[in-house]
>>> print(open('start-v6.pdb').read())   # PDB, C-alpha atoms
ATOM      1  CA  MET A   1     -12.810   8.900  -9.899
ATOM      2  CA  LEU A   2     -11.294   9.370  -6.465
ATOM      3  CA  TYR A   3     -12.183   7.791  -3.176
ATOM      4  CA  ASP A   4     -11.213   8.603   0.389
ATOM      5  CA  SER A   5      -8.737   6.191   1.985
ATOM      6  CA  ARG A   6     -10.817   6.317   5.183
ATOM      7  CA  ASP A   7     -13.765   4.817   3.339
ATOM      8  CA  LEU A   8     -11.655   1.845   2.277
ATOM      9  CA  SER A   9     -10.416   1.358   5.821
ATOM     10  CA  SER A  10     -13.952   0.714   7.057
ATOM     11  CA  CYS A  11     -14.818  -1.944   4.468
ATOM     12  CA  ALA A  12     -15.548  -5.602   5.095
ATOM     13  CA  LEU A  13     -13.788  -8.155   2.859
ATOM     14  CA  ARG A  14     -15.666 -10.960   1.174
ATOM     15  CA  ALA A  15     -14.136 -13.913  -0.654
ATOM     16  CA  THR A  16     -16.048 -15.830  -3.315
ATOM     17  CA  ASP A  17     -17.286 -18.218  -0.620
ATOM     18  CA  GLY A  18     -17.658 -16.116   2.524
ATOM     19  CA  ASP A  19     -16.319 -13.360   4.747
ATOM     20  CA  ILE A  20     -12.596 -12.810   5.297
ATOM     21  CA  GLY A  21     -12.446  -9.904   7.742
ATOM     22  CA  ARG A  22     -12.133  -6.125   7.622
ATOM     23  CA  VAL A  23      -9.604  -3.693   6.175
ATOM     24  CA  SER A  24      -7.464  -2.354   9.020
ATOM     25  CA  ASP A  25      -4.931  -0.354   6.998
ATOM     26  CA  LEU A  26      -3.524   0.265   3.531
ATOM     27  CA  TYR A  27       0.119   0.006   2.517
ATOM     28  CA  PHE A  28       1.312   2.367  -0.175
ATOM     29  CA  ASP A  29       4.556   2.582  -2.089
ATOM     30  CA  ASP A  30       6.109   5.951  -1.226
ATOM     31  CA  ASP A  31       8.226   5.873  -4.376
ATOM     32  CA  SER A  32       5.233   5.907  -6.761
ATOM     33  CA  TRP A  33       2.507   6.863  -4.246
ATOM     34  CA  THR A  34       0.368   3.845  -5.100
ATOM     35  CA  VAL A  35      -1.626   1.567  -2.786
ATOM     36  CA  ARG A  36      -0.088  -1.900  -3.026
ATOM     37  CA  TYR A  37      -1.974  -3.811  -0.327
ATOM     38  CA  LEU A  38      -5.086  -3.886   1.761
ATOM     39  CA  VAL A  39      -4.151  -5.034   5.253
ATOM     40  CA  VAL A  40      -6.971  -7.321   6.350
ATOM     41  CA  ASP A  41      -7.697  -8.189   9.962
ATOM     42  CA  THR A  42      -9.258 -11.666   9.848
ATOM     43  CA  GLY A  43     -10.592 -11.399  13.400
ATOM     44  CA  GLY A  44     -11.717 -14.601  15.078
ATOM     45  CA  TRP A  45     -11.652 -16.579  11.836
ATOM     46  CA  LEU A  46      -7.843 -16.911  11.760
ATOM     47  CA  GLY A  47      -7.169 -15.967  15.358
ATOM     48  CA  GLY A  48      -6.632 -12.300  14.646
ATOM     49  CA  ARG A  49      -4.059 -12.958  11.953
ATOM     50  CA  LYS A  50      -3.601 -10.190   9.371
ATOM     51  CA  VAL A  51      -3.121 -10.883   5.680
ATOM     52  CA  LEU A  52      -2.150  -8.803   2.664
ATOM     53  CA  ILE A  53      -4.526  -8.507  -0.296
ATOM     54  CA  SER A  54      -3.380  -6.851  -3.527
ATOM     55  CA  PRO A  55      -5.613  -4.538  -5.575
ATOM     56  CA  MET A  56      -5.007  -7.077  -8.347
ATOM     57  CA  GLN A  57      -7.332  -9.392  -6.450
ATOM     58  CA  VAL A  58     -10.214  -6.945  -5.980
ATOM     59  CA  ARG A  59     -13.294  -7.804  -8.035
ATOM     60  CA  ALA A  60     -15.760  -5.162  -6.842
ATOM     61  CA  ILE A  61     -16.289  -2.438  -4.247
ATOM     62  CA  GLU A  62     -19.796  -1.774  -2.949
ATOM     63  CA  TRP A  63     -19.602   1.608  -1.265
ATOM     64  CA  ARG A  64     -23.135   1.620   0.136
ATOM     65  CA  ALA A  65     -22.602  -1.747   1.764
ATOM     66  CA  ALA A  66     -18.978  -0.866   2.698
ATOM     67  CA  GLU A  67     -17.890  -4.180   1.243
ATOM     68  CA  ILE A  68     -15.025  -5.297  -0.990
ATOM     69  CA  THR A  69     -15.240  -8.576  -2.899
ATOM     70  CA  VAL A  70     -12.008 -10.304  -3.893
ATOM     71  CA  GLU A  71     -11.379 -13.032  -6.446
ATOM     72  CA  LEU A  72     -10.155 -15.486  -3.807
ATOM     73  CA  THR A  73     -11.538 -18.331  -1.730
ATOM     74  CA  ARG A  74     -11.344 -18.445   2.033
ATOM     75  CA  GLU A  75      -8.975 -21.402   1.757
ATOM     76  CA  GLN A  76      -6.593 -19.429  -0.446
ATOM     77  CA  VAL A  77      -6.513 -16.637   2.114
ATOM     78  CA  GLU A  78      -6.078 -19.087   4.981
ATOM     79  CA  GLN A  79      -3.063 -20.718   3.319
ATOM     80  CA  SER A  80      -1.444 -17.443   2.236
ATOM     81  CA  PRO A  81       2.077 -16.581   3.490
ATOM     82  CA  ASP A  82       2.325 -15.210   7.033
ATOM     83  CA  TYR A  83       4.005 -11.909   7.683
ATOM     84  CA  ASP A  84       5.248 -10.254  10.868
ATOM     85  CA  THR A  85       3.075  -7.191  11.506
ATOM     86  CA  GLU A  86       5.801  -5.768  13.764
ATOM     87  CA  LYS A  87       8.288  -5.546  10.887
ATOM     88  CA  PRO A  88       8.293  -3.729   7.528
ATOM     89  CA  VAL A  89       7.098  -5.829   4.605
ATOM     90  CA  SER A  90      10.206  -7.086   2.818
ATOM     91  CA  ARG A  91      10.625  -7.627  -0.909
ATOM     92  CA  GLN A  92      11.089 -11.320  -0.119
ATOM     93  CA  HIS A  93       7.677 -11.466   1.543
ATOM     94  CA  GLU A  94       6.118  -9.655  -1.406
ATOM     95  CA  THR A  95       7.740 -12.202  -3.714
ATOM     96  CA  ASP A  96       6.262 -15.012  -1.600
ATOM     97  CA  VAL A  97       2.769 -13.455  -1.709
ATOM     98  CA  TYR A  98       2.821 -12.787  -5.444
ATOM     99  CA  GLY A  99       4.271 -16.242  -6.135
ATOM    100  CA  TYR A 100       1.650 -17.948  -3.977
ATOM    101  CA  TYR A 101      -1.219 -16.246  -5.801
ATOM    102  CA  GLY A 102       0.438 -16.474  -9.224
ATOM    103  CA  MET A 103       0.273 -12.719  -9.822
ATOM    104  CA  PRO A 104       2.682 -10.755 -12.014
ATOM    105  CA  SER A 105       4.891  -8.553  -9.834
ATOM    106  CA  TYR A 106       4.361  -4.797  -9.931
ATOM    107  CA  TRP A 107       8.044  -4.029  -9.286
ATOM    108  CA  THR A 108       9.524  -5.695 -12.392
ATOM    109  CA  GLY A 109       8.331  -3.470 -15.217
ATOM    110  CA  PRO A 110       8.398   0.130 -16.425
ATOM    111  CA  TYR A 111       4.857   1.142 -15.456
ATOM    112  CA  LEU A 112       2.822   1.619 -12.326
ATOM    113  CA  TRP A 113       1.871  -2.077 -12.127
ATOM    114  CA  GLY A 114       4.916  -3.626 -13.743
ATOM    115  CA  ALA A 115       3.947  -4.233 -17.363
ATOM    116  CA  MET A 116       0.572  -2.547 -16.855
ATOM    117  CA  ALA A 117      -0.824   0.864 -15.986
ATOM    118  CA  TYR A 118      -3.641  -0.727 -13.974
ATOM    119  CA  PRO A 119      -3.805  -3.753 -11.674
ATOM    120  CA  ALA A 120      -5.598  -6.856 -12.924
ATOM    121  CA  TRP A 121      -9.263  -6.529 -11.987
ATOM    122  CA  GLY A 122     -11.244  -9.485 -10.674
ATOM    123  CA  GLY A 123      -8.654 -11.978 -11.826
ATOM    124  CA  ALA A 124      -8.852 -10.808 -15.457
ATOM    125  CA  ALA A 125      -5.484  -9.471 -16.549
ATOM    126  CA  ILE A 126      -5.441  -6.107 -18.289
ATOM    127  CA  PRO A 127      -3.251  -6.256 -21.430
ATOM    128  CA  PRO A 128       0.190  -4.603 -21.218
ATOM    129  CA  ILE A 129       0.415  -1.056 -22.490
ATOM    130  CA  SER A 130       1.082  -0.744 -26.227
ATOM    131  CA  GLY A 131       0.539   2.106 -28.651
ATOM    132  CA  ALA A 132      -0.028   5.799 -28.033
ATOM    133  CA  ARG A 133      -3.653   5.528 -26.985
ATOM    134  CA  ALA A 134      -2.896   3.287 -24.023
ATOM    135  CA  THR A 135       0.222   5.132 -22.891
ATOM    136  CA  PRO A 136      -0.255   6.583 -19.390
ATOM    137  CA  SER A 137      -0.389  10.348 -19.111
ATOM    138  CA  LYS A 138       2.417  12.266 -17.446
ATOM    139  CA  ASP A 139       0.261  13.253 -14.498
ATOM    140  CA  GLU A 140      -1.216   9.836 -13.901
ATOM    141  CA  PHE A 141       0.745   6.713 -14.716
ATOM    142  CA  ALA A 142       4.016   7.544 -16.467
ATOM    143  CA  TYR A 143       6.117   6.192 -13.641
ATOM    144  CA  ARG A 144       9.418   4.474 -14.369
ATOM    145  CA  ARG A 145      11.187   2.928 -11.404
ATOM    146  CA  ASP A 146      14.916   2.463 -11.256
ATOM    147  CA  ALA A 147      16.701  -0.882 -10.951
ATOM    148  CA  ALA A 148      17.399  -0.385  -7.246
ATOM    149  CA  SER A 149      13.731  -0.112  -6.346
ATOM    150  CA  GLU A 150      12.979  -3.289  -8.293
ATOM    151  CA  LYS A 151      15.403  -5.316  -6.195
ATOM    152  CA  GLY A 152      15.566  -3.656  -2.815
ATOM    153  CA  ASP A 153      13.386  -1.741  -0.365
ATOM    154  CA  PRO A 154       9.723  -1.934  -1.419
ATOM    155  CA  HIS A 155       9.111   1.514   0.123
ATOM    156  CA  LEU A 156       5.837   0.408   1.713
ATOM    157  CA  ARG A 157       4.221   2.767   4.200
ATOM    158  CA  SER A 158       1.069   2.690   6.279
ATOM    159  CA  VAL A 159      -1.745   5.063   5.311
ATOM    160  CA  ASP A 160      -2.899   5.003   8.916
ATOM    161  CA  GLU A 161       0.588   6.031  10.020
ATOM    162  CA  VAL A 162       0.955   8.954   7.605
ATOM    163  CA  SER A 163      -2.436  10.424   8.560
ATOM    164  CA  GLY A 164      -1.712  13.278  10.941
ATOM    165  CA  TYR A 165       1.765  14.062   9.615
ATOM    166  CA  HIS A 166       2.532  17.781   9.537
ATOM    167  CA  VAL A 167       2.957  19.372   6.112
ATOM    168  CA  GLU A 168       5.576  22.019   5.432
ATOM    169  CA  ALA A 169       5.509  24.359   2.431
ATOM    170  CA  THR A 170       8.724  25.974   1.181
ATOM    171  CA  ASP A 171       8.171  28.877   3.568
ATOM    172  CA  GLY A 172       6.387  27.438   6.585
ATOM    173  CA  SER A 173       3.843  25.025   7.991
ATOM    174  CA  ILE A 174       0.442  24.642   6.305
ATOM    175  CA  GLY A 175      -1.325  21.981   8.380
ATOM    176  CA  HIS A 176      -1.518  18.206   8.702
ATOM    177  CA  ILE A 177      -2.579  15.302   6.515
ATOM    178  CA  GLU A 178      -6.199  14.372   7.047
ATOM    179  CA  THR A 179      -6.632  11.681   4.399
ATOM    180  CA  LEU A 180      -5.492  10.483   0.979
ATOM    181  CA  LEU A 181      -7.549  10.329  -2.207
ATOM    182  CA  ILE A 182      -7.072   7.202  -4.302
ATOM    183  CA  ASP A 183      -7.848   6.652  -7.978
ATOM    184  CA  ASP A 184     -10.403   3.876  -8.379
ATOM    185  CA  ALA A 185      -8.735   2.384 -11.476
ATOM    186  CA  SER A 186      -4.981   2.595 -10.903
ATOM    187  CA  TRP A 187      -4.995   2.673  -7.066
ATOM    188  CA  SER A 188      -2.529   5.552  -7.279
ATOM    189  CA  ILE A 189      -2.746   8.240  -4.610
ATOM    190  CA  ARG A 190      -3.863  11.297  -6.525
ATOM    191  CA  ALA A 191      -4.128  13.787  -3.673
ATOM    192  CA  VAL A 192      -3.007  14.463  -0.124
ATOM    193  CA  VAL A 193      -5.839  16.226   1.724
ATOM    194  CA  ILE A 194      -4.552  18.782   4.225
ATOM    195  CA  ASP A 195      -6.412  20.265   7.162
ATOM    196  CA  THR A 196      -5.139  23.852   7.511
ATOM    197  CA  LYS A 197      -7.137  24.644  10.662
ATOM    198  CA  ASN A 198      -4.162  26.046  12.599
ATOM    199  CA  TRP A 199      -3.430  28.447   9.749
ATOM    200  CA  LEU A 200      -6.584  28.875   7.642
ATOM    201  CA  PRO A 201      -9.469  27.933   9.967
ATOM    202  CA  GLY A 202     -12.079  25.758   8.336
ATOM    203  CA  LYS A 203     -10.246  25.218   5.055
ATOM    204  CA  HIS A 204      -9.173  21.911   3.577
ATOM    205  CA  VAL A 205      -6.981  21.740   0.481
ATOM    206  CA  PHE A 206      -5.355  18.967  -1.451
ATOM    207  CA  ILE A 207      -1.904  18.733  -2.958
ATOM    208  CA  PRO A 208      -1.083  16.175  -5.672
ATOM    209  CA  PRO A 209       1.825  13.879  -4.657
ATOM    210  CA  ARG A 210       3.809  15.176  -7.629
ATOM    211  CA  TRP A 211       4.318  18.318  -5.542
ATOM    212  CA  ILE A 212       5.492  16.402  -2.471
ATOM    213  CA  GLU A 213       9.270  16.683  -2.430
ATOM    214  CA  SER A 214      10.124  14.483   0.543
ATOM    215  CA  VAL A 215       8.824  12.792   3.686
ATOM    216  CA  ASN A 216      10.728  12.676   6.957
ATOM    217  CA  TRP A 217       9.324   9.525   8.532
ATOM    218  CA  ASP A 218      11.236  10.008  11.794
ATOM    219  CA  GLU A 219       9.932  13.548  12.315
ATOM    220  CA  ARG A 220       6.476  12.754  10.889
ATOM    221  CA  LYS A 221       6.699  15.631   8.433
ATOM    222  CA  VAL A 222       5.900  16.006   4.747
ATOM    223  CA  TYR A 223       7.632  18.662   2.645
ATOM    224  CA  ALA A 224       5.752  20.161  -0.312
ATOM    225  CA  GLY A 225       7.469  22.051  -3.125
ATOM    226  CA  VAL A 226       4.999  24.934  -3.091
ATOM    227  CA  ALA A 227       4.771  28.207  -1.181
ATOM    228  CA  ARG A 228       2.162  28.963   1.468
ATOM    229  CA  ASP A 229       0.397  31.526  -0.693
ATOM    230  CA  THR A 230      -0.005  28.888  -3.425
ATOM    231  CA  VAL A 231      -1.784  26.661  -0.918
ATOM    232  CA  ARG A 232      -3.809  29.558   0.490
ATOM    233  CA  ASP A 233      -5.128  30.511  -2.952
ATOM    234  CA  SER A 234      -5.734  26.947  -4.171
ATOM    235  CA  PRO A 235      -9.273  25.621  -4.754
ATOM    236  CA  GLU A 236     -10.795  24.271  -1.557
ATOM    237  CA  TYR A 237     -11.184  20.524  -1.195
ATOM    238  CA  GLU A 238     -14.788  19.549  -1.915
ATOM    239  CA  PRO A 239     -15.515  15.905  -1.038
ATOM    240  CA  SER A 240     -18.710  15.907  -3.098
ATOM    241  CA  GLN A 241     -16.702  16.673  -6.249
ATOM    242  CA  THR A 242     -14.204  13.829  -6.051
ATOM    243  CA  ARG A 243     -16.209  11.667  -8.451
ATOM    244  CA  SER A 244     -15.642  14.283 -11.158
ATOM    245  CA  SER A 245     -12.517  14.095 -13.335
ATOM    246  CA  ASP A 246     -13.013  17.780 -14.178
ATOM    247  CA  TYR A 247     -12.545  18.705 -10.522
ATOM    248  CA  GLU A 248      -9.303  16.759 -10.294
ATOM    249  CA  GLU A 249      -7.999  18.311 -13.505
ATOM    250  CA  ARG A 250      -8.854  21.791 -12.178
ATOM    251  CA  ILE A 251      -6.690  21.166  -9.097
ATOM    252  CA  TYR A 252      -3.827  19.738 -11.148
ATOM    253  CA  GLY A 253      -4.082  22.632 -13.593
ATOM    254  CA  TYR A 254      -3.835  25.123 -10.751
ATOM    255  CA  PHE A 255      -0.647  23.568  -9.380
ATOM    256  CA  ARG A 256       0.884  23.263 -12.842
ATOM    257  CA  GLU A 257       0.441  27.014 -13.216
ATOM    258  CA  ARG A 258       1.584  27.977  -9.730
ATOM    259  CA  GLY A 259       3.978  25.262  -8.665
ATOM    260  CA  HIS A 260       6.507  22.851  -9.998
ATOM    261  CA  ALA A 261       7.139  19.132  -9.670
ATOM    262  CA  HIS A 262      10.309  17.106  -9.701
ATOM    263  CA  HIS A 263       8.767  13.701 -10.468
TER
END
>>> encode(input="start-v6.pdb", output="C-alpha cells")
Amino acid sequence: MLYDSRDLSSCALRATDGDIGRVSDLYFDDDSWTVRYLVVDTGGWLGGRKVLISPMQVRAIEWRAAEITVELTREQVEQSPDYDTEKPVSRQHETDVYGYYGMPSYWTGPYLWGAMAYPAWGGAAIPPISGARATPSKDEFAYRRDAASEKGDPHLRSVDEVSGYHVEATDGSIGHIETLLIDDASWSIRAVVIDTKNWLPGKHVFIPPRWIESVNWDERKVYAGVARDTVRDSPEYEPSQTRSSDYEERIYGYFRERGHAHH
C-alpha cells in the first residue's frame, strides 16, 4: 500500500516511554528513491534539536491518531549523535547513527536495505533475501548499488525541498511535484504525484521514479523520460485508490506500455 509523504510529515513521534517530537521532514536517497530517515523536531524537550530516525526503528503507524511509534526509549534518542541541520548528512554521520543504534547499514549490501528488501520492523530483523520467492521484483526492490555509492555521497535529499520542483517531459513542461507516494513496507518512493494545473487544469497524475531520468537540484527541475502525450493520457491520480495494489500495478503497466525506463 502507498501513503502520502505529507501525511507522514504531520505525525507525532512516540518512544516506548513517552513523546519524542514531530516529523518535520523526510530524507530520501535519490539514487534508489527510498526514504532513509524521518527528521524529527524534538521541540522544547531537547531545546529544538532535530534527530534522525530510521524506518528500521519504526514499530507502528497509527494514521487516525497521526502518530508513529518507534522501538526506542527517550534516553536513546536524547543520547543519539548530533548532526548539523545546515549541512548535508554525510556518510560518516550515517555510520555514527547506525553504529550508535546497532543497526545493519543499508548501504553495504546488494538490496534496497543492504542485505534485505525491507527495513527491520519494530526492532525485529527481517531475514536476508534467499530463494526465488523472496527475491524482489524488478519494479519494486531489485536495486543494486555500485561500490562508489556504498562509500561516498549518501545522496540524501529533503522531501520538503523537492516538493514544488517543476517537471519536464521529453518535449516540454508538465507541471510541478505536489507530493510523493511511499510504500508502507519497503519505504521506497513508488510515485511522484504531479499537479498539471498550468497545462491540464484540475488533473493530477503520478509518474513512477523508474521513469525519472534526472534531477537538476540547482534549477529545481525534474526530467522524466516520457512524452507529454503519455502523461496527458495516463490514468488520473486517485488518492482514495492508493491502498490498492491493483491501482498501482495499473499505473505501472500503463508506463511500461507507453514509456521506457533506464533503471
>>> resolve_selection(input="start-v6.pdb", expression="the PyMOL selection byres ((chain A and resi 100-102) around 10)", output="PDB file with C-alpha atoms, in the coordinates of the input")
ATOM      1  CA  SER A  54      -3.380  -6.851  -3.527  1.00  0.00           C
ATOM      2  CA  GLN A  57      -7.332  -9.392  -6.450  1.00  0.00           C
ATOM      3  CA  LEU A  72     -10.155 -15.486  -3.807  1.00  0.00           C
ATOM      4  CA  GLN A  76      -6.593 -19.429  -0.446  1.00  0.00           C
ATOM      5  CA  VAL A  77      -6.513 -16.637   2.114  1.00  0.00           C
ATOM      6  CA  GLN A  79      -3.063 -20.718   3.319  1.00  0.00           C
ATOM      7  CA  SER A  80      -1.444 -17.443   2.236  1.00  0.00           C
ATOM      8  CA  PRO A  81       2.077 -16.581   3.490  1.00  0.00           C
ATOM      9  CA  GLU A  94       6.118  -9.655  -1.406  1.00  0.00           C
ATOM     10  CA  THR A  95       7.740 -12.202  -3.714  1.00  0.00           C
ATOM     11  CA  ASP A  96       6.262 -15.012  -1.600  1.00  0.00           C
ATOM     12  CA  VAL A  97       2.769 -13.455  -1.709  1.00  0.00           C
ATOM     13  CA  TYR A  98       2.821 -12.787  -5.444  1.00  0.00           C
ATOM     14  CA  GLY A  99       4.271 -16.242  -6.135  1.00  0.00           C
ATOM     15  CA  MET A 103       0.273 -12.719  -9.822  1.00  0.00           C
ATOM     16  CA  PRO A 104       2.682 -10.755 -12.014  1.00  0.00           C
ATOM     17  CA  SER A 105       4.891  -8.553  -9.834  1.00  0.00           C
TER      18      SER A 105
END
>>> closest_residue(input="start-v6.pdb", among="A:Glu86, A:Asp218, A:Glu161, A:Glu257", to="A:Ser234", atoms="all atoms listed in the file")
A:Glu257
>>> resolve_selection(input="start-v6.pdb", expression="the PyMOL selection byres ((chain A and resi 60) around 8)", output="compact mmCIF listing (two decimals) with C-alpha atoms, in the frame of the given file")
# COMPACT_ATOMS: atom_id res chain seq x y z
CA VAL A 58 -10.21 -6.94 -5.98
CA ARG A 59 -13.29 -7.80 -8.04
CA ILE A 61 -16.29 -2.44 -4.25
CA GLU A 62 -19.80 -1.77 -2.95
CA ILE A 68 -15.02 -5.30 -0.99
CA THR A 69 -15.24 -8.58 -2.90
CA VAL A 70 -12.01 -10.30 -3.89
CA GLY A 122 -11.24 -9.48 -10.67
>>> resolve_selection(input="start-v6.pdb", expression="the PyMOL selection byres ((chain A and resi 6-13) around 8)", output="PyMOL selection string")
chain A and resi 3-5+14-15+19-26+40+66-70+179-180
>>> closest_residue(input="start-v6.pdb", among="A:Val39, A:Lys221, A:Thr85, A:Pro208", to="A:Gly253", atoms="all atoms listed in the file")
A:Pro208
>>> atom_distance(input="start-v6.pdb", atom1="atom CA of A:Asp171", atom2="atom CA of A:Pro235")
19.6 Å
>>> closest_residue(input="start-v6.pdb", among="A:Gly172, A:Val162, A:Leu38, A:Thr16", to="A:Val192", atoms="all atoms listed in the file")
A:Val162
>>> closest_residue(input="start-v6.pdb", among="A:Ile174, A:Leu112, A:Leu52, A:Met1", to="A:Tyr223", atoms="only C-alpha atoms")
A:Ile174
>>> atom_distance(input="start-v6.pdb", atom1="atom CA of A:Tyr37", atom2="atom CA of A:Pro55")
6.4 Å
>>> atom_distance(input="start-v6.pdb", atom1="atom CA of A:Arg228", atom2="atom CA of A:Gln241")
23.8 Å
>>> residues_around(input="start-v6.pdb", residues="A:Asp229", least_positions_apart="3", cutoff="12 Å", atoms="all atoms listed in the file", output="list in words")
Ala169, Thr170, Asp171, Gly172, Ser173, Ile174, Trp199, Leu200, Val226, Arg232, Asp233, Ser234, Phe255, Arg258 and Gly259 of chain A
>>> residues_around(input="start-v6.pdb", residues="A:Val35", least_positions_apart="6", cutoff="6 Å", atoms="all atoms listed in the file", output="short mmCIF file (atom, residue, chain, number, x, y, z; two decimals) with C-alpha atoms, in the frame of the given file")
data_model
loop_
_atom_site.label_atom_id
_atom_site.label_comp_id
_atom_site.auth_asym_id
_atom_site.auth_seq_id
_atom_site.Cartn_x
_atom_site.Cartn_y
_atom_site.Cartn_z
CA TYR A 27 0.12 0.01 2.52
CA PHE A 28 1.31 2.37 -0.18
CA TRP A 187 -5.00 2.67 -7.07
#
>>> closest_residue(input="start-v6.pdb", among="A:Arg74, A:Lys87, A:Arg64, A:His93", to="A:Arg157", atoms="only C-alpha atoms")
A:Lys87
>>> closest_residue(input="start-v6.pdb", among="A:Glu236, A:Asp31, A:Glu168, A:Glu249", to="A:Glu219", atoms="only C-alpha atoms")
A:Glu168
>>> residues_around(input="start-v6.pdb", residues="A:Val193", least_positions_apart="5", cutoff="7 Å", atoms="only C-alpha atoms", output="list in words")
Ile177, Glu178, Thr179, Leu180, His204, Val205, Phe206 and Ile207 of chain A
